[in-house]
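Source file: final.txt; contents: compact mmCIF, C-alpha atoms.
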# COMPACT_ATOMS: atom_id res chain seq x y z
CA MET A 1 68.47 137.65 171.49
CA THR A 2 68.67 136.47 175.08
CA SER A 3 69.11 140.00 176.42
CA LEU A 4 66.16 141.18 174.31
CA ASP A 5 63.97 138.38 175.64
CA SER A 6 65.03 139.05 179.24
CA GLY A 7 64.31 142.75 178.77
CA PHE A 8 60.87 141.92 177.41
CA GLN A 9 60.16 139.67 180.38
CA ARG A 10 61.25 142.36 182.82
CA GLY A 11 59.00 144.84 181.05
CA ARG A 12 56.03 142.48 181.34
CA GLN A 13 56.69 141.94 185.01
CA TRP A 14 56.92 145.70 185.61
CA LEU A 15 53.63 146.30 183.79
CA ARG A 16 51.94 143.58 185.83
CA ALA A 17 53.28 145.11 189.02
CA HIS A 18 52.07 148.61 187.99
CA PRO A 19 48.70 148.17 186.23
CA LEU A 20 47.68 151.80 186.77
CA ALA A 21 50.73 153.07 184.90
CA CYS A 22 50.00 150.64 182.08
CA ASP A 23 46.40 151.85 181.80
CA GLY A 24 47.57 155.47 181.91
CA ALA A 25 49.92 154.85 178.99
CA LEU A 26 47.14 153.12 177.09
CA ALA A 27 44.76 156.03 177.72
CA PHE A 28 47.35 158.50 176.46
CA ALA A 29 47.93 156.41 173.31
CA VAL A 30 44.18 156.15 172.65
CA LEU A 31 43.80 159.93 173.13
CA ALA A 32 46.64 160.60 170.67
CA CYS A 33 45.07 158.27 168.10
CA MET A 34 41.63 159.88 168.49
CA ILE A 35 42.94 163.43 168.17
CA THR A 36 45.05 162.51 165.15
CA ALA A 37 42.12 160.76 163.46
CA SER A 38 39.82 163.74 164.17
CA PHE A 39 41.82 165.84 161.64
CA ALA A 40 41.07 163.36 158.86
CA ASP A 41 38.02 163.83 156.64
CA PRO A 42 36.74 160.49 155.29
CA HIS A 43 34.84 162.31 152.50
CA GLY A 44 37.50 164.82 151.51
CA SER A 45 37.86 163.81 147.87
CA ARG A 46 37.10 161.08 145.42
CA ASN A 47 40.49 159.48 146.02
CA GLY A 48 39.68 158.74 149.68
CA PRO A 49 40.12 160.33 153.08
CA THR A 50 42.25 163.46 153.36
CA PHE A 51 44.20 164.69 156.36
CA GLY A 52 44.13 168.27 157.62
CA ASP A 53 40.91 169.33 155.91
CA ARG A 54 38.98 169.67 159.16
CA THR A 55 39.61 170.64 162.77
CA PRO A 56 37.82 169.09 165.77
CA ASP A 57 35.60 171.29 167.91
CA VAL A 58 36.40 172.10 171.51
CA SER A 59 33.50 169.97 172.66
CA SER A 60 34.83 167.06 170.62
CA VAL A 61 38.29 167.44 172.13
CA LEU A 62 36.76 167.57 175.60
CA LEU A 63 34.76 164.38 174.98
CA MET A 64 37.85 162.62 173.62
CA VAL A 65 39.81 163.63 176.72
CA LEU A 66 37.03 162.39 179.02
CA GLY A 67 36.69 159.09 177.15
CA ALA A 68 40.44 158.45 177.22
CA ALA A 69 40.75 159.49 180.88
CA ALA A 70 38.07 156.99 181.86
CA LEU A 71 40.23 154.16 180.50
CA VAL A 72 42.67 154.66 183.37
CA LEU A 73 40.07 153.02 185.66
CA ARG A 74 39.08 150.24 183.25
CA ARG A 75 40.47 147.42 185.46
CA ARG A 76 38.77 148.62 188.64
CA ASP A 77 35.23 148.90 187.27
CA PRO A 78 35.06 147.83 183.61
CA LEU A 79 31.26 148.01 183.34
CA ALA A 80 31.12 151.57 184.68
CA VAL A 81 33.93 152.67 182.34
CA LEU A 82 32.10 151.09 179.40
CA ALA A 83 28.88 152.88 180.31
CA PHE A 84 30.71 156.22 180.61
CA THR A 85 32.66 155.88 177.35
CA GLY A 86 29.53 154.66 175.58
CA GLY A 87 27.64 157.71 176.81
CA VAL A 88 30.47 160.03 175.70
CA THR A 89 30.50 158.38 172.26
CA LEU A 90 26.72 158.65 171.92
CA ALA A 91 26.85 162.33 172.92
CA GLU A 92 29.47 163.01 170.24
CA LEU A 93 27.38 161.21 167.61
CA ILE A 94 24.26 163.18 168.48
CA THR A 95 25.68 166.70 168.93
CA ASP A 96 28.33 166.96 166.22
CA ASN A 97 27.70 167.03 162.50
CA SER A 98 31.24 165.77 161.91
CA PRO A 99 31.81 163.48 164.92
CA ALA A 100 35.30 162.75 166.14
CA PRO A 101 36.33 159.07 166.61
CA VAL A 102 35.41 158.96 170.29
CA THR A 103 34.13 155.43 169.63
CA MET A 104 37.69 154.18 170.06
CA SER A 105 37.48 154.62 173.85
CA ALA A 106 34.24 152.63 173.97
CA VAL A 107 35.83 149.87 171.90
CA ILE A 108 38.73 149.55 174.40
CA ALA A 109 36.29 149.58 177.31
CA LEU A 110 34.18 146.82 175.70
CA TYR A 111 37.30 144.72 175.15
CA THR A 112 38.14 145.11 178.86
CA VAL A 113 34.65 144.00 179.91
CA ALA A 114 34.87 140.91 177.68
CA ALA A 115 38.36 140.03 178.94
CA ARG A 116 37.55 140.39 182.65
CA THR A 117 34.00 139.02 182.94
CA ASP A 118 32.25 135.82 181.95
CA ARG A 119 30.88 134.91 178.54
CA PRO A 120 27.15 135.53 179.24
CA THR A 121 27.96 139.03 180.48
CA THR A 122 30.09 139.63 177.38
CA TRP A 123 27.23 138.56 175.10
CA ARG A 124 24.65 140.74 176.82
CA VAL A 125 26.80 143.83 177.26
CA GLY A 126 28.39 143.49 173.82
CA LEU A 127 25.07 143.22 171.99
CA VAL A 128 23.65 146.21 173.87
CA THR A 129 26.76 148.32 173.17
CA MET A 130 26.84 147.38 169.48
CA ALA A 131 23.11 148.11 169.07
CA VAL A 132 23.13 151.45 170.92
CA LEU A 133 26.22 152.90 169.22
CA THR A 134 25.33 151.63 165.76
CA CYS A 135 21.73 152.85 166.00
CA GLY A 136 22.93 156.22 167.34
CA ALA A 137 25.29 156.63 164.39
CA MET A 138 22.61 155.60 161.88
CA LEU A 139 19.90 157.87 163.33
CA PHE A 140 21.87 160.98 164.29
CA GLY A 141 24.97 160.84 162.13
CA PRO A 142 25.51 163.17 159.13
CA THR A 143 25.82 160.23 156.73
CA PRO A 144 23.08 157.88 155.47
CA TRP A 145 22.28 154.96 157.71
CA TYR A 146 23.97 152.51 155.36
CA ALA A 147 27.27 154.43 155.28
CA GLN A 148 30.46 152.49 155.94
CA GLU A 149 31.26 154.61 159.02
CA ASN A 150 28.12 153.28 160.72
CA LEU A 151 28.91 149.71 159.73
CA GLY A 152 32.47 150.30 160.95
CA ILE A 153 31.19 151.08 164.46
CA PHE A 154 29.25 147.80 164.41
CA ALA A 155 32.30 145.87 163.23
CA TRP A 156 34.77 147.43 165.66
CA THR A 157 32.57 146.86 168.73
CA GLY A 158 31.90 143.26 167.64
CA MET A 159 35.60 142.55 167.15
CA ALA A 160 36.41 144.11 170.54
CA ALA A 161 33.94 141.80 172.29
CA ALA A 162 35.24 138.75 170.39
CA ALA A 163 38.89 139.59 171.08
CA GLY A 164 38.26 140.14 174.78
CA ASP A 165 36.39 136.85 175.07
CA ALA A 166 39.23 135.04 173.29
CA VAL A 167 41.80 136.55 175.66
CA ARG A 168 39.71 135.59 178.68
CA SER A 169 39.32 132.02 177.40
CA ARG A 170 43.04 131.68 176.75
CA ARG A 171 43.87 133.07 180.19
CA ALA A 172 41.47 130.60 181.80
CA PHE A 173 42.99 127.76 179.78
CA VAL A 174 46.53 128.69 180.83
CA ASP A 175 45.45 128.98 184.46
CA ALA A 176 43.81 125.55 184.27
CA ILE A 177 46.98 124.02 182.82
CA ARG A 178 49.09 125.66 185.51
CA GLU A 179 46.76 124.46 188.25
CA ARG A 180 46.76 120.96 186.80
CA ALA A 181 50.55 120.94 186.71
CA GLU A 182 50.77 122.15 190.31
CA ARG A 183 48.23 119.55 191.39
CA ALA A 184 50.18 116.84 189.57
CA GLU A 185 53.36 118.00 191.30
CA ARG A 186 51.67 117.86 194.69
CA THR A 187 50.23 114.44 193.91
CA ARG A 188 53.65 113.17 192.82
CA ASP A 189 55.22 114.42 196.06
CA GLU A 190 52.45 112.85 198.12
CA GLU A 191 52.83 109.57 196.24
CA ALA A 192 56.58 109.60 196.88
CA ARG A 193 56.04 110.25 200.58
CA ARG A 194 53.44 107.48 200.73
CA ARG A 195 55.80 105.00 199.09
CA VAL A 196 58.59 105.96 201.47
CA ALA A 197 56.25 105.51 204.45
CA GLU A 198 55.12 102.10 203.17
CA GLU A 199 58.71 100.98 202.66
CA ARG A 200 59.67 102.16 206.14
CA LEU A 201 56.70 100.31 207.59
CA ARG A 202 57.63 97.14 205.73
CA ILE A 203 61.23 97.31 206.93
CA ALA A 204 60.02 97.98 210.48
CA ARG A 205 57.80 94.88 210.31
CA ASP A 206 60.69 92.75 209.09
CA LEU A 207 62.99 94.05 211.80
CA HIS A 208 60.35 93.43 214.44
CA ASP A 209 59.76 89.88 213.28
CA VAL A 210 63.46 89.04 213.12
CA VAL A 211 64.39 90.65 216.41
CA ALA A 212 61.38 89.41 218.38
CA HIS A 213 61.78 85.81 217.23
CA HIS A 214 65.52 85.41 217.71
CA ILE A 215 65.74 87.44 220.90
CA ALA A 216 62.97 85.32 222.40
CA LEU A 217 64.95 82.18 221.52
CA VAL A 218 68.13 83.67 222.94
CA ASN A 219 66.30 84.62 226.13
CA VAL A 220 64.87 81.12 226.63
CA GLN A 221 68.13 79.29 225.87
CA ALA A 222 70.13 81.68 228.06
CA GLY A 223 67.71 81.00 230.92
CA VAL A 224 68.09 77.25 230.40
CA ALA A 225 71.88 77.54 230.34
CA ALA A 226 71.91 79.58 233.54
CA HIS A 227 69.60 77.06 235.24
CA VAL A 228 71.59 73.91 234.42
CA MET A 229 75.10 75.40 234.34
CA ASP A 230 76.21 73.83 237.63
CA LYS A 231 74.43 70.47 237.52
CA ARG A 232 74.37 69.62 233.79
CA PRO A 233 77.11 71.46 231.96
CA ASP A 234 76.58 69.41 228.78
CA GLN A 235 72.99 70.68 228.50
CA ALA A 236 74.20 74.21 229.25
CA LYS A 237 76.68 73.95 226.37
CA GLU A 238 73.89 72.80 224.07
CA ALA A 239 71.72 75.74 225.14
CA LEU A 240 74.59 78.16 224.54
CA ALA A 241 75.10 76.64 221.10
CA HIS A 242 71.46 77.38 220.32
CA VAL A 243 72.02 80.93 221.58
CA ARG A 244 74.95 81.29 219.22
CA ASN A 245 72.98 79.91 216.26
CA ALA A 246 69.97 82.12 216.99
CA SER A 247 72.14 85.23 217.28
CA ARG A 248 73.95 84.35 214.05
CA SER A 249 70.62 83.92 212.25
CA ALA A 250 69.39 87.23 213.65
CA LEU A 251 72.52 89.00 212.42
CA ASN A 252 72.21 87.47 208.95
CA GLU A 253 68.57 88.47 208.59
CA LEU A 254 69.28 91.94 209.93
CA ARG A 255 72.11 92.28 207.41
CA ALA A 256 69.82 91.23 204.58
CA THR A 257 67.08 93.65 205.69
CA VAL A 258 69.35 96.61 206.28
CA GLY A 259 71.00 95.93 202.93
CA LEU A 260 67.85 97.24 201.30
CA LEU A 261 68.70 100.68 202.66
CA ARG A 262 72.04 100.87 200.90
CA GLN A 263 72.66 103.48 198.25
CA SER A 264 73.81 102.60 194.76
CA GLY A 265 77.40 103.67 195.44
CA ASP A 266 77.80 101.81 198.73
CA PRO A 267 80.10 98.74 198.82
CA GLU A 268 78.30 95.49 198.37
CA ALA A 269 77.74 93.20 201.32
CA PRO A 270 76.74 89.54 201.31
CA THR A 271 72.98 89.12 201.45
CA GLU A 272 70.64 86.18 201.68
CA PRO A 273 67.33 85.55 199.93
CA ALA A 274 64.16 86.34 201.81
CA PRO A 275 62.96 83.38 203.90
CA GLY A 276 59.85 81.43 202.95
CA LEU A 277 57.99 78.21 203.55
CA THR A 278 60.84 76.23 202.01
CA VAL A 279 62.81 76.78 205.24
CA LEU A 280 59.80 76.34 207.52
CA ASP A 281 61.23 73.14 209.01
CA GLU A 282 64.35 74.97 210.09
CA LEU A 283 62.22 77.67 211.73
CA LEU A 284 60.19 75.10 213.64
CA ALA A 285 63.38 73.34 214.69
CA THR A 286 64.60 76.49 216.41
CA PHE A 287 61.40 76.61 218.48
CA ARG A 288 61.66 72.91 219.32
CA HIS A 289 65.23 73.42 220.53
CA ALA A 290 63.95 76.27 222.68
CA GLY A 291 61.53 73.91 224.42
CA LEU A 292 58.29 74.56 222.51
CA PRO A 293 56.79 71.41 220.97
CA VAL A 294 55.51 72.26 217.50
CA GLU A 295 53.62 70.00 215.11
CA LEU A 296 53.32 70.77 211.42
CA ALA A 297 50.57 69.78 209.01
CA ARG A 298 50.94 70.71 205.34
CA ALA A 299 48.51 70.12 202.49
CA THR A 300 49.93 72.01 199.52
CA ASP A 301 50.81 71.15 195.95
CA ASP A 302 54.30 71.44 194.53
CA ALA A 303 53.68 74.85 192.97
CA ALA A 304 55.64 77.59 194.66
CA LEU A 305 53.86 80.55 196.20
CA PRO A 306 54.49 84.11 195.02
CA ALA A 307 57.44 85.69 196.80
CA ALA A 308 55.32 88.22 198.72
CA VAL A 309 52.83 85.57 199.89
CA ASP A 310 55.63 83.13 200.75
CA LEU A 311 57.43 85.71 202.89
CA ALA A 312 54.20 86.83 204.58
CA ALA A 313 53.30 83.22 205.47
CA TYR A 314 56.75 82.62 206.95
CA ARG A 315 56.65 85.82 209.00
CA ILE A 316 53.15 85.12 210.29
CA ILE A 317 54.15 81.66 211.51
CA GLN A 318 57.34 83.07 213.01
CA GLU A 319 55.53 85.85 214.88
CA ALA A 320 52.67 83.61 216.05
CA LEU A 321 55.05 80.98 217.47
CA THR A 322 57.12 83.72 219.11
CA ASN A 323 53.97 84.96 220.85
CA VAL A 324 53.19 81.39 221.93
CA GLN A 325 56.63 81.01 223.43
CA LYS A 326 56.40 84.37 225.21
CA HIS A 327 52.81 84.33 226.45
CA ALA A 328 51.38 80.79 226.42
CA GLY A 329 53.09 79.74 229.62
CA PRO A 330 55.01 76.57 230.52
CA GLY A 331 53.94 73.29 229.02
CA ALA A 332 52.29 74.87 226.00
CA LYS A 333 52.24 73.12 222.65
CA ALA A 334 51.67 74.57 219.21
CA GLU A 335 50.24 73.30 215.96
CA VAL A 336 50.97 74.82 212.57
CA SER A 337 49.01 74.05 209.42
CA VAL A 338 49.62 75.27 205.90
CA VAL A 339 46.80 74.41 203.52
CA ARG A 340 46.37 75.56 199.95
CA VAL A 341 42.73 75.64 198.86
CA GLY A 342 42.14 76.68 195.26
CA ARG A 343 43.62 80.13 194.77
CA THR A 344 44.13 80.81 198.48
CA VAL A 345 46.53 79.58 201.12
CA GLU A 346 45.48 79.23 204.78
CA ILE A 347 48.00 79.58 207.60
CA THR A 348 46.79 78.47 211.05
CA VAL A 349 48.75 78.48 214.34
CA LEU A 350 47.09 76.97 217.42
CA ASP A 351 48.35 76.59 220.97
CA ASN A 352 46.94 75.16 224.20
CA GLY A 353 48.48 77.67 226.55
CA VAL A 354 46.89 79.17 229.63
CA PRO A 355 43.65 81.11 228.98
CA GLN A 356 44.33 84.73 228.16
CA GLN A 357 42.23 87.78 227.51
CA ALA A 358 40.88 88.17 223.99
CA ALA A 359 43.08 90.24 221.74
CA PRO A 360 40.91 92.73 219.94
CA ASP A 361 40.62 92.10 216.25
CA ASP A 362 40.66 95.75 215.28
CA GLY A 363 44.38 96.22 215.13
CA THR A 364 44.77 97.65 218.64
CA GLY A 365 46.82 94.73 219.98
CA GLY A 366 50.58 94.47 220.17
CA HIS A 367 52.94 95.36 217.37
CA GLY A 368 53.19 91.70 216.37
CA LEU A 369 49.48 91.37 215.64
CA ILE A 370 49.49 94.75 213.91
CA GLY A 371 52.39 93.69 211.70
CA MET A 372 50.73 90.39 210.79
CA ARG A 373 47.45 92.10 209.98
CA GLU A 374 49.21 94.70 207.82
CA ARG A 375 51.08 92.01 205.90
CA VAL A 376 47.91 90.08 205.16
CA SER A 377 45.89 93.18 204.28
CA ALA A 378 48.59 94.36 201.87
CA LEU A 379 48.12 91.10 199.93
CA GLY A 380 44.33 91.31 199.93
CA GLY A 381 43.77 88.63 202.59
CA THR A 382 42.24 88.43 206.05
CA LEU A 383 43.67 87.59 209.46
CA THR A 384 41.88 86.58 212.66
CA ALA A 385 43.54 86.29 216.07
CA ALA A 386 41.44 85.30 219.08
CA PRO A 387 41.50 83.02 222.17
CA ARG A 388 40.27 79.48 221.78
CA TYR A 389 37.43 78.03 223.79
CA GLY A 390 38.92 76.28 226.82
CA GLY A 391 42.31 77.96 226.60
CA GLY A 392 44.97 78.79 224.13
CA PHE A 393 45.07 81.06 221.18
CA ARG A 394 44.36 80.79 217.46
CA VAL A 395 45.86 82.79 214.61
CA GLN A 396 44.58 82.21 211.08
CA ALA A 397 45.53 84.01 207.90
CA ILE A 398 43.89 83.48 204.51
CA MET A 399 45.77 85.00 201.59
CA PRO A 400 45.17 84.83 197.84
CA VAL A 401 47.81 83.01 195.87
CA THR A 402 47.74 85.83 193.30
CA ALA A 403 49.21 88.91 194.94
CA ARG A 404 47.88 92.41 194.29
CA THR A 405 50.94 93.14 192.24
CA GLY A 406 49.78 90.58 189.71
CA GLU A 407 52.47 88.01 190.61
CA ASP A 408 51.11 84.50 190.20
CA ALA A 409 52.67 81.16 190.80

Can the structure in the file be given as structure tokens, please?
Amino acid sequence: MTSLDSGFQRGRQWLRAHPLACDGALAFAVLACMITASFADPHGSRNGPTFGDRTPDVSSVLLMVLGAAALVLRRRDPLAVLAFTGGVTLAELITDNSPAPVTMSAVIALYTVAARTDRPTTWRVGLVTMAVLTCGAMLFGPTPWYAQENLGIFAWTGMAAAAGDAVRSRRAFVDAIRERAERAERTRDEEARRRVAEERLRIARDLHDVVAHHIALVNVQAGVAAHVMDKRPDQAKEALAHVRNASRSALNELRATVGLLRQSGDPEAPTEPAPGLTVLDELLATFRHAGLPVELARATDDAALPAAVDLAAYRIIQEALTNVQKHAGPGAKAEVSVVRVGRTVEITVLDNGVPQQAAPDDGTGGHGLIGMRERVSALGGTLTAAPRYGGGFRVQAIMPVTARTGEDA
């Protein structure tokens, strides 16, 4: 059964690759059927048609050959082939008292027109063909106008038009399904690539926040240790201890972030939960140890924030304070406020550093501002970052408590 099906599929593919050979075989089959039917007399006896009682004329054979030969070109110009075969059929009906079944070639040509054109063209051409051939048979045929042969021409041409239209409709339906499936496949691939890009961007933001914060602390404490190493070794040891703690925290957070990239079969490694506002005091303590005075003001209820909002708030404060430490200059102070108002939470970081040029609010600043803005936008919030009047900088993020994913505290 499998070999038979594979052979049938190969035959279909060969016919599709050689349409002219297929049409030639069809024309030969139609010619054989017409010549065979021309020897049958539908009125031979009372018992029905008889075979071999009549012989077609030479002119009839010539018209049958011409009508069948025209079918070889039915795919190239179906309307012209229909007009030619219709003319040949009409000539046979008018000139012969016992017409041969040349109508068969016109029926095949009409089917081709219906299968390869649109429905309005099929209706117009089909009605004209049915009317012309049926009227020709009724007016010029040897039988009365109501004879079944005349009604048979009407029926055969009508069925040819209907069958061709049905084939065209089914072909269009199959093509539409195939196109829809291909489009769905492309959309699925694009969606997968988009999700991968979003995940890579999220991991890049996390890595940037972790590395920028802890490396800035390490840099400051290492500078302090180098400055007081000779005169105040106890303070140098304390600074080096902060360096060790900051580097350990950086390694732990990097391990937790990179752990997301593990495959299912990889050995497990110890991971830590994502940071949030519950460990905000520890984060601020690291900046205070690094020499940046930070004050905290909180006005929130006891309800926990969604995980995505909690992490975004922590990272925004971390990145904003890191920028203060790097760019605000010596003697700068920072203020952090976390306020929950209704269904939103407001994160504000202020500093009184040296005046600096306004950071554009269109996302063209550094990677830190871009990362903060992307985090807030992903949750449906807004972020503003601009210099303060009289010096310093202000970063404010307003995020909905209900995340876009539907997570709600």

> Just how far from CA of Ala68 (chain A) is CA of Val125 (chain A), in Å to one decimal?
Replying inline: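 Going from CA of Val125 (chain A) over to CA of Ala68 (chain A), I get 20.0 Å.
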
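Minimum atom-to-atom distances from A:Asn150, A:Thr55, A:Thr384, A:Gln396 to Val349 (chain A) were compared using all atoms listed in the file, and the lowest value belongs to A:Gln396.
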
>> My list of candidates is A:Thr278, A:Arg244, A:His327, A:Leu93. Which is closest to Met138 (chain A) when distances are computed with only C-alpha atoms?
In response: A:Leu93

> Of the candidates A:Ala70, A:Leu277, A:His18, A:Asn252, which shows the shortest atom-to-atom distance to Leu207 (chain A), using only C-alpha atoms?
Replying inline: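 Result for the nearest residue to Leu207 (chain A): A:Asn252.
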
>> So the first atom is CA of Arg298 (chain A) and the second is CA of Arg340 (chain A); what is the distance between them in Å, to one decimal place?
In response: 8.6 Å

> Quick one: distance from CA of Ala307 (chain A) to CA of Thr322 (chain A) in Å, one decimal?
Replying inline: 22.4 Å

Enclose all atoms of region 337-356 of chain A listed in the file in an axis-aligned box, grow every side by 8 Å, and hand back centre and edge lengths in Å to one decimal, as lines of an AutoDock Vina configuration file.
center_x = 45.9
center_y = 79.4
center_z = 212.2
size_x = 23.5
size_y = 26.7
size_z = 50.9
